[in-house]
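Peer 1: Next comes my_file23.cif, mmCIF, C-alpha atoms:
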```cif
data_work
#
loop_
_atom_site.label_atom_id
_atom_site.label_comp_id
_atom_site.auth_asym_id
_atom_site.auth_seq_id
_atom_site.Cartn_x
_atom_site.Cartn_y
_atom_site.Cartn_z
CA MET A 1 18.52 -9.55 -7.83
CA GLU A 2 17.86 -9.45 -4.11
CA LYS A 3 14.23 -9.19 -3.01
CA ARG A 4 13.28 -7.13 0.02
CA ILE A 5 10.09 -7.17 2.02
CA TYR A 6 8.60 -4.06 3.62
CA PRO A 7 5.57 -3.83 5.90
CA ALA A 8 2.51 -2.06 4.53
CA ILE A 9 -0.31 -0.44 6.50
CA PHE A 10 -3.76 -0.40 4.90
CA HIS A 11 -6.19 2.33 5.90
CA LYS A 12 -9.90 2.13 5.04
CA GLU A 13 -10.88 5.69 4.18
CA GLU A 14 -14.11 7.21 5.46
CA ILE A 15 -14.95 8.57 2.00
CA GLY A 16 -14.36 5.14 0.43
CA GLY A 17 -11.40 3.22 -0.87
CA TYR A 18 -8.11 2.34 0.75
CA SER A 19 -4.77 4.04 1.19
CA VAL A 20 -1.54 2.15 1.80
CA THR A 21 1.57 3.51 3.50
CA PHE A 22 5.00 1.96 3.99
CA PRO A 23 6.58 3.07 7.30
CA ASP A 24 10.10 2.07 6.22
CA LEU A 25 9.82 4.05 2.96
CA PRO A 26 8.83 7.64 3.80
CA GLY A 27 6.80 9.26 1.04
CA CYS A 28 5.97 5.92 -0.59
CA ASN A 29 2.22 5.28 -0.66
CA THR A 30 -0.58 4.11 -2.90
CA GLU A 31 -4.36 3.93 -2.94
CA GLY A 32 -7.27 2.21 -4.62
CA ASN A 33 -11.05 2.08 -4.73
CA ASP A 34 -10.92 -1.42 -3.19
CA LEU A 35 -8.30 -3.79 -1.78
CA THR A 36 -7.62 -5.32 -5.19
CA GLU A 37 -6.69 -1.93 -6.65
CA ALA A 38 -4.68 -0.99 -3.56
CA LEU A 39 -2.67 -4.24 -3.86
CA TYR A 40 -2.11 -4.04 -7.63
CA ILE A 41 1.53 -4.00 -8.69
CA GLY A 42 1.84 -3.05 -12.28
#
```
Rewrite the coordinates I just gave you, this time as structure tokens.
Peer 2:
Amino acid sequence: MEKRIYPAIFHKEEIGGYSVTFPDLPGCNTEGNDLTEALYIG
């Protein structure tokens, strides 16, 4: 299986938490209350 790497942009939200977007994958995003949650792959 070939692995691919995509850049991620982390945004600290004014209301708290973080959102993450992937410029090369339109519509693909995630979020979390802190960086650990935003980074979680599960």
Peer 1: With the PyMOL selection byres ((chain A and resi 32) around 7) as the selection, what would be picked from this file? Answer as an MDAnalysis selection string, please.
Peer 2: chainID A and resid 17:19 31 33:35 37:38
Peer 1: Need the shell around Val20 (chain A): protein/DNA/RNA residues with any atom at most 6 Å away, counting all atoms listed in the file. Skip same-chain ones fewer than 2 positions apart. Format as a list in words?
Peer 2: Ile9, Phe10, Asn29, Thr30 and Glu31 of chain A
Peer 1: What is the CA of Thr21 (chain A)-CA of Tyr6 (chain A) distance in Å, reported with one decimal?
Peer 2: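 These atoms are spaced 10.3 Å apart.
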Peer 1: Rounded to one decimal place, report the CA of Thr36 (chain A)-CA of Glu13 (chain A) distance in Å.
Peer 2: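 CA of Glu13 (chain A) lies 14.8 Å from CA of Thr36 (chain A).
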Peer 1: Would you list the residues near (4.4, 2.9, 6.6) (no more than 7 Å away, in the coordinates of the file, using all atoms listed in the file) as a PDB file with C-alpha atoms, in the frame of the given file?
Peer 2:
```pdb
ATOM      1  CA  PRO A   7       5.570  -3.830   5.900  1.00  0.00           C
ATOM      2  CA  ALA A   8       2.510  -2.060   4.530  1.00  0.00           C
ATOM      3  CA  ILE A   9      -0.310  -0.440   6.500  1.00  0.00           C
ATOM      4  CA  THR A  21       1.570   3.510   3.500  1.00  0.00           C
ATOM      5  CA  PHE A  22       5.000   1.960   3.990  1.00  0.00           C
ATOM      6  CA  PRO A  23       6.580   3.070   7.300  1.00  0.00           C
ATOM      7  CA  ASP A  24      10.100   2.070   6.220  1.00  0.00           C
ATOM      8  CA  LEU A  25       9.820   4.050   2.960  1.00  0.00           C
TER       9      LEU A  25
END
```
